[in-house]
Amino acid sequence: MKARHWCAVLGVAAAVGAVVFMKSLVATNDAQAPRLAESLLKAVPVERGAMVARMALDYRPGGHVMQGPPMSAVVATRRGVDGIAVTRALFAQRRLPAPPVGSDLTLVGEKGAYTLKISEVIDWSRPVSRAAPYPNAFVSPETAAKIGEEWTSFAAPSVDDLAPGFVTDEGRNIDKSKMLLLWAAALTAFGLLVNTLLLSVEARRREIALLRVVGMTRSGVVARVFAEALLLSAAGLVLGSLVAAASIHSYAAFERTVFPAGAAVSCPAIAICAAAMPILALAATLIAMKSALSVRPLEAASLMPPRSRHIGMIVSFAFGFGAFVAVEVWGSSLMCAFVPSPEWPDAIVSILPKGASSFDIDKLRGIEGVRHIAELQPLQVNFDPLEELQMPGGRRAGGKDRMASDAKSPDVRTEREGARPAERRAGGRPAGGGRPAMGMGRRGRGGPRKAYRNALLLASDYLPGFRFVEGSREDAQKAIASSDACIITEMMARARSLHLGDFVQLDCGVGLKMRLKIVGVVDLNWHMVTSRGLLRGMGGMPVHTDGPVFVGFDTLAAADPRPQQHVPMTHLWLDYDPGFLAKHGVFEAGRKVESAIAAALGGGCRAGDAGEVFGNAVRLHSRDEVSDGTLAHGNSIIGAMAKVPFIFVAVMAIGLVAMLVASADARRREFAVLRAVGATRSYLAMRLAGEAIRTSIAGIALGLVGGAPAGWLFTFATRKAMANWGLPASFAVPWTEIAIGAASALAFALAVAVPASLAIIARRRHLA
């Protein structure tokens, strides 16, 4: 078999092997579910008659407030537990190690925050998905009686009931990138097949010309080229499938504790690859057909060496590197809309789940390092007319997993009548104190309910320095303080075709509807800061929203059907003193201010007999920490996805060997003359390797030209599929990452080209 054939077979085998191995890894993970369920029931038994409650963790590794939704704890009662016993799986949800015994752990329910000491760490580390909850923490019945949550009887699940909870573990996440994997693999196989067929046509031009002389038609020539492509594809399919099957079995055997049920080979993946191979072979044949049909019968008498064809490798490299560039541009362009705008205040503070009295804001005026602090009152309200939200997360079961306060609880009440005379409405209704998001008294007790597109109303007596694109700051401030007016974001304005002077129509529930006049439009990225600050997704409302709508206290009170005396203060926002922030930095400044706020509001907490602390979880969410976390998370996802096509760039470098062999044959006489005048073999090899590097550079340049607009177009499809319509269309090219990728691609090419060139020249004895 010729070198060009080996390159095609190995390239196709690598593509097939990657698809089959990854899909088999997903199948292997799924196959472990029943065995893992059996092991969990044995390793973490639950007592008969146990009671359970689901709460969230306020866990801060290294002192940092965790980004994203809180970890979920399913707490069960067990006799003899002192404090709280936890499984390693509780922290493995975020790939974190369990804290040592004796550490404090804070659980946050719907009615209080509870701090207990860890007395035992149970050695079970595989988390179960929320679809199949199973206890991952235990407290004594006495401690449970002190925790003011709703406890329910635990129904022991069977293996079949519990098994589905393991099909979404770490390996399952690979399935999310299957389309990118399939496309990258298909492009790799296609590129190397095209390269091989073009080189084959050039190497066999005289043979094809002779066949034309003896009567072969053009269709016969094409059939021979297609047969060669099909044969190479079939060989690569078989080789790749065998290697993938052997690899998944070896991996499962090596990680026996992770895969107790052994390996499972994905037959559907092999079938998909087998079905795709004839299509790829035909597509490659069509590309090479022009070269094949250009061979004339008169060339049968030609003794010219085959021409060197670099176009196949240029196209191959362009495909691989272009896919890498597309992923990077797609991710960077999409991330622009999720990094919080610098105009947001420095931090948002959540006081959950029960909140505090609005009068307590006066206790916070003198906190060191805070230049400005104000009450921030959120309320999610549906748009009128109702528009059902068709998105993951649109339907949810009453918000039990979110930190939320219960407005029906009499523990914390806010009497705002007479608190601030300027905040009374003309009709005598007291203005609304800091409230949690929509529906702490309206939580869907009957289970999941429909979710609709909604606005996140935010009321405060402080309007940060947002950048107005319509209206003016002065006019907007006066309007929202004196009437039912609002300021919206440019994203919402873009999505709903709203402008200055238009109205936002709201359905507040229980027959209450409102029309808010738009008195300002601001350019603001808000997604991550409102989510991380726990401003939305509470009380049964969806975590998705069309964005914040800034209003006055009175307008918010009018939109809230709940009795105002039951509405606590749950959020604040603040700006640091610049000198204080410069001295301590974002992280340390946040922890100091957070501790001071917690101490000032700590009068409502009480201690239990075993050292438990019941009350609120006060958490400061720094805008800059949210930004850093958002970027880090986004870069992690983008980097992981970009690895898929980039790995195939390295595979495509194999094709350089075939190109160099053809180039050496085409330049046989030239190299012989150079050897005759004193050129060394090393010199000739470097000249040959230089061709490979120039070809790679051309492919990288072509990939950049094609990949950047492709990634830009992908962002439009992604934005259209997201719940937050109206996202800005930002075009961002991460030049640093692309430059690193280009340098790495050249390194791959160099690693293949230099030894291949030396070997090719060494075996050409006619050059001696």
# chains A, B, ... in the order shown; residues from 1 in each chain; ligands from 1

$ select_by_dssp --residues "range 118-290 of chain A" --states "alpha helix (DSSP H)" --output "ChimeraX atom specification"
/A:141-146,159-162,178-203,205-213,218-254,267-290

$ write_last_selection --atoms "C-alpha atoms" --output "tab-separated table (two decimals), in the first residue's frame"
chain	number	residue	atom	x	y	z
A	141	PRO	CA	-34.42	13.41	64.16
A	142	GLU	CA	-33.87	15.88	67.01
A	143	THR	CA	-31.97	18.29	64.76
A	144	ALA	CA	-34.58	17.87	62.04
A	145	ALA	CA	-37.29	18.89	64.51
A	146	LYS	CA	-35.46	22.18	65.09
A	159	VAL	CA	-32.81	-0.07	41.66
A	160	ASP	CA	-34.92	0.67	38.58
A	161	ASP	CA	-36.17	3.91	40.14
A	162	LEU	CA	-32.70	5.07	41.10
A	178	LYS	CA	-21.69	14.95	19.56
A	179	MET	CA	-22.70	17.15	16.62
A	180	LEU	CA	-19.41	19.04	16.70
A	181	LEU	CA	-17.57	15.73	17.01
A	182	LEU	CA	-19.41	14.22	14.04
A	183	TRP	CA	-18.81	17.25	11.84
A	184	ALA	CA	-15.13	17.50	12.77
A	185	ALA	CA	-14.66	13.79	12.12
A	186	ALA	CA	-16.48	14.00	8.78
A	187	LEU	CA	-14.37	16.97	7.66
A	188	THR	CA	-11.19	15.15	8.67
A	189	ALA	CA	-12.06	12.02	6.73
A	190	PHE	CA	-13.23	14.10	3.78
A	191	GLY	CA	-10.13	16.29	3.70
A	192	LEU	CA	-7.69	13.36	3.80
A	193	LEU	CA	-9.67	11.42	1.20
A	194	VAL	CA	-9.61	14.41	-1.15
A	195	ASN	CA	-5.87	14.82	-0.62
A	196	THR	CA	-5.22	11.13	-1.32
A	197	LEU	CA	-7.42	11.03	-4.45
A	198	LEU	CA	-5.79	14.13	-5.92
A	199	LEU	CA	-2.34	12.67	-5.29
A	200	SER	CA	-3.43	9.30	-6.72
A	201	VAL	CA	-4.71	10.89	-9.93
A	202	GLU	CA	-1.41	12.70	-10.41
A	203	ALA	CA	0.67	9.61	-9.60
A	205	ARG	CA	-1.85	9.91	-14.87
A	206	ARG	CA	0.12	7.76	-17.33
A	207	GLU	CA	-1.77	4.64	-16.24
A	208	ILE	CA	-5.12	6.40	-16.64
A	209	ALA	CA	-4.04	7.74	-20.04
A	210	LEU	CA	-3.17	4.19	-21.21
A	211	LEU	CA	-6.59	2.96	-20.08
A	212	ARG	CA	-8.18	5.81	-22.04
A	213	VAL	CA	-6.20	4.71	-25.12
A	218	ARG	CA	-14.72	8.99	-18.60
A	219	SER	CA	-17.37	7.34	-16.44
A	220	GLY	CA	-15.03	4.39	-16.06
A	221	VAL	CA	-12.28	6.69	-14.83
A	222	VAL	CA	-14.63	8.22	-12.27
A	223	ALA	CA	-15.75	4.75	-11.17
A	224	ARG	CA	-12.12	3.73	-10.54
A	225	VAL	CA	-11.53	6.86	-8.46
A	226	PHE	CA	-14.74	6.24	-6.49
A	227	ALA	CA	-13.81	2.59	-5.93
A	228	GLU	CA	-10.45	3.67	-4.53
A	229	ALA	CA	-12.12	6.19	-2.20
A	230	LEU	CA	-14.69	3.61	-1.07
A	231	LEU	CA	-12.03	0.97	-0.42
A	232	LEU	CA	-9.90	3.38	1.61
A	233	SER	CA	-12.97	4.51	3.58
A	234	ALA	CA	-13.97	0.91	4.33
A	235	ALA	CA	-10.46	0.06	5.52
A	236	GLY	CA	-10.42	3.13	7.77
A	237	LEU	CA	-13.88	2.27	9.12
A	238	VAL	CA	-12.83	-1.25	10.09
A	239	LEU	CA	-9.52	-0.16	11.58
A	240	GLY	CA	-11.04	2.75	13.50
A	241	SER	CA	-13.90	0.64	14.88
A	242	LEU	CA	-11.54	-2.09	16.07
A	243	VAL	CA	-9.17	0.35	17.74
A	244	ALA	CA	-12.07	2.21	19.42
A	245	ALA	CA	-13.59	-1.04	20.70
A	246	ALA	CA	-10.25	-2.20	22.09
A	247	SER	CA	-9.64	1.22	23.66
A	248	ILE	CA	-13.00	1.44	25.43
A	249	HIS	CA	-12.57	-2.09	26.83
A	250	SER	CA	-9.06	-1.28	28.03
A	251	TYR	CA	-10.21	1.99	29.59
A	252	ALA	CA	-13.12	0.33	31.37
A	253	ALA	CA	-10.86	-2.43	32.66
A	254	PHE	CA	-8.32	0.10	33.94
A	267	CYS	CA	-23.12	-0.04	17.62
A	268	PRO	CA	-25.24	2.95	16.48
A	269	ALA	CA	-22.05	5.02	16.23
A	270	ILE	CA	-20.46	2.37	14.00
A	271	ALA	CA	-23.63	2.25	11.91
A	272	ILE	CA	-23.64	6.04	11.54
A	273	CYS	CA	-20.01	6.02	10.41
A	274	ALA	CA	-20.66	3.13	8.02
A	275	ALA	CA	-23.58	5.01	6.48
A	276	ALA	CA	-21.52	8.18	6.17
A	277	MET	CA	-18.49	6.58	4.50
A	278	PRO	CA	-20.05	6.08	1.00
A	279	ILE	CA	-21.34	9.66	1.10
A	280	LEU	CA	-17.90	11.02	2.03
A	281	ALA	CA	-16.27	8.82	-0.62
A	282	LEU	CA	-18.66	10.14	-3.26
A	283	ALA	CA	-18.10	13.75	-2.17
A	284	ALA	CA	-14.31	13.30	-2.30
A	285	THR	CA	-14.63	11.70	-5.75
A	286	LEU	CA	-16.59	14.67	-7.04
A	287	ILE	CA	-13.84	17.01	-5.85
A	288	ALA	CA	-11.13	14.89	-7.53
A	289	MET	CA	-13.20	14.26	-10.66
A	290	LYS	CA	-11.96	17.35	-12.50

$ closest_residue --among "A:Asp461, A:Glu149, A:Glu594, A:Glu737" --to "His64 in chain A" --atoms "only C-alpha atoms"
A:Glu594

$ closest_residue --among "A:Val315, A:Val327, A:Leu512, A:Ala495" --to "Arg719 in chain A" --atoms "only C-alpha atoms"
A:Ala495

$ closest_residue --among "A:Leu572, A:Ala155, A:Val651, A:Leu379" --to "Ala347 in chain A" --atoms "only C-alpha atoms"
A:Leu572

$ decode --residues "range 661-692 of chain A" --atoms "N, CA and C atoms" --output "mmCIF file, in the first residue's frame"
data_model
loop_
_atom_site.group_PDB
_atom_site.id
_atom_site.type_symbol
_atom_site.label_atom_id
_atom_site.label_comp_id
_atom_site.auth_asym_id
_atom_site.auth_seq_id
_atom_site.Cartn_x
_atom_site.Cartn_y
_atom_site.Cartn_z
ATOM 1 N N VAL A 661 5.745 12.721 -0.161
ATOM 2 C CA VAL A 661 6.186 11.633 -1.055
ATOM 3 C C VAL A 661 5.944 12.025 -2.507
ATOM 4 N N ALA A 662 4.747 12.550 -2.781
ATOM 5 C CA ALA A 662 4.432 12.974 -4.143
ATOM 6 C C ALA A 662 5.340 14.117 -4.585
ATOM 7 N N SER A 663 5.614 15.038 -3.687
ATOM 8 C CA SER A 663 6.480 16.165 -4.030
ATOM 9 C C SER A 663 7.899 15.696 -4.331
ATOM 10 N N ALA A 664 8.403 14.725 -3.555
ATOM 11 C CA ALA A 664 9.744 14.192 -3.810
ATOM 12 C C ALA A 664 9.809 13.512 -5.169
ATOM 13 N N ASP A 665 8.748 12.771 -5.537
ATOM 14 C CA ASP A 665 8.715 12.137 -6.857
ATOM 15 C C ASP A 665 8.677 13.188 -7.967
ATOM 16 N N ALA A 666 7.899 14.253 -7.760
ATOM 17 C CA ALA A 666 7.777 15.285 -8.784
ATOM 18 C C ALA A 666 9.088 16.048 -8.982
ATOM 19 N N ARG A 667 9.899 16.148 -7.930
ATOM 20 C CA ARG A 667 11.134 16.935 -7.995
ATOM 21 C C ARG A 667 12.371 16.046 -8.020
ATOM 22 N N ARG A 668 12.176 14.829 -8.513
ATOM 23 C CA ARG A 668 13.277 13.871 -8.501
ATOM 24 C C ARG A 668 14.489 14.391 -9.271
ATOM 25 N N ARG A 669 14.262 14.903 -10.472
ATOM 26 C CA ARG A 669 15.391 15.377 -11.283
ATOM 27 C C ARG A 669 16.042 16.612 -10.658
ATOM 28 N N GLU A 670 15.203 17.511 -10.149
ATOM 29 C CA GLU A 670 15.743 18.721 -9.513
ATOM 30 C C GLU A 670 16.632 18.352 -8.336
ATOM 31 N N PHE A 671 16.180 17.416 -7.504
ATOM 32 C CA PHE A 671 16.965 17.022 -6.340
ATOM 33 C C PHE A 671 18.240 16.296 -6.752
ATOM 34 N N ALA A 672 18.169 15.521 -7.850
ATOM 35 C CA ALA A 672 19.363 14.819 -8.331
ATOM 36 C C ALA A 672 20.437 15.811 -8.775
ATOM 37 N N VAL A 673 20.002 16.884 -9.458
ATOM 38 C CA VAL A 673 20.957 17.911 -9.891
ATOM 39 C C VAL A 673 21.584 18.602 -8.676
ATOM 40 N N LEU A 674 20.756 18.912 -7.673
ATOM 41 C CA LEU A 674 21.264 19.559 -6.473
ATOM 42 C C LEU A 674 22.266 18.669 -5.744
ATOM 43 N N ARG A 675 21.987 17.372 -5.711
ATOM 44 C CA ARG A 675 22.934 16.459 -5.073
ATOM 45 C C ARG A 675 24.248 16.426 -5.840
ATOM 46 N N ALA A 676 24.142 16.535 -7.180
ATOM 47 C CA ALA A 676 25.345 16.474 -8.012
ATOM 48 C C ALA A 676 26.253 17.674 -7.788
ATOM 49 N N VAL A 677 25.662 18.809 -7.430
ATOM 50 C CA VAL A 677 26.469 20.011 -7.224
ATOM 51 C C VAL A 677 26.820 20.206 -5.753
ATOM 52 N N GLY A 678 26.551 19.196 -4.905
ATOM 53 C CA GLY A 678 27.036 19.235 -3.533
ATOM 54 C C GLY A 678 26.006 19.419 -2.441
ATOM 55 N N ALA A 679 24.720 19.454 -2.773
ATOM 56 C CA ALA A 679 23.690 19.617 -1.730
ATOM 57 C C ALA A 679 23.631 18.368 -0.856
ATOM 58 N N THR A 680 23.507 18.581 0.440
ATOM 59 C CA THR A 680 23.423 17.449 1.372
ATOM 60 C C THR A 680 21.988 16.933 1.456
ATOM 61 N N ARG A 681 21.862 15.724 2.003
ATOM 62 C CA ARG A 681 20.519 15.157 2.197
ATOM 63 C C ARG A 681 19.708 16.018 3.181
ATOM 64 N N SER A 682 20.375 16.536 4.199
ATOM 65 C CA SER A 682 19.670 17.378 5.173
ATOM 66 C C SER A 682 19.111 18.623 4.509
ATOM 67 N N TYR A 683 19.879 19.208 3.600
ATOM 68 C CA TYR A 683 19.424 20.391 2.893
ATOM 69 C C TYR A 683 18.186 20.083 2.064
ATOM 70 N N LEU A 684 18.222 18.949 1.342
ATOM 71 C CA LEU A 684 17.071 18.565 0.523
ATOM 72 C C LEU A 684 15.847 18.272 1.401
ATOM 73 N N ALA A 685 16.087 17.638 2.536
ATOM 74 C CA ALA A 685 14.972 17.334 3.440
ATOM 75 C C ALA A 685 14.342 18.611 3.980
ATOM 76 N N MET A 686 15.169 19.595 4.311
ATOM 77 C CA MET A 686 14.630 20.851 4.813
ATOM 78 C C MET A 686 13.839 21.588 3.735
ATOM 79 N N ARG A 687 14.280 21.495 2.491
ATOM 80 C CA ARG A 687 13.518 22.111 1.409
ATOM 81 C C ARG A 687 12.159 21.428 1.258
ATOM 82 N N LEU A 688 12.177 20.127 1.413
ATOM 83 C CA LEU A 688 10.923 19.381 1.319
ATOM 84 C C LEU A 688 10.002 19.720 2.492
ATOM 85 N N ALA A 689 10.586 19.798 3.689
ATOM 86 C CA ALA A 689 9.782 20.160 4.863
ATOM 87 C C ALA A 689 9.247 21.583 4.738
ATOM 88 N N GLY A 690 10.023 22.465 4.101
ATOM 89 C CA GLY A 690 9.553 23.833 3.894
ATOM 90 C C GLY A 690 8.272 23.880 3.082
ATOM 91 N N GLU A 691 8.153 22.976 2.112
ATOM 92 C CA GLU A 691 6.911 22.910 1.344
ATOM 93 C C GLU A 691 5.731 22.580 2.252
ATOM 94 N N ALA A 692 5.956 21.644 3.177
ATOM 95 C CA ALA A 692 4.880 21.262 4.096
ATOM 96 C C ALA A 692 4.479 22.430 4.985
#
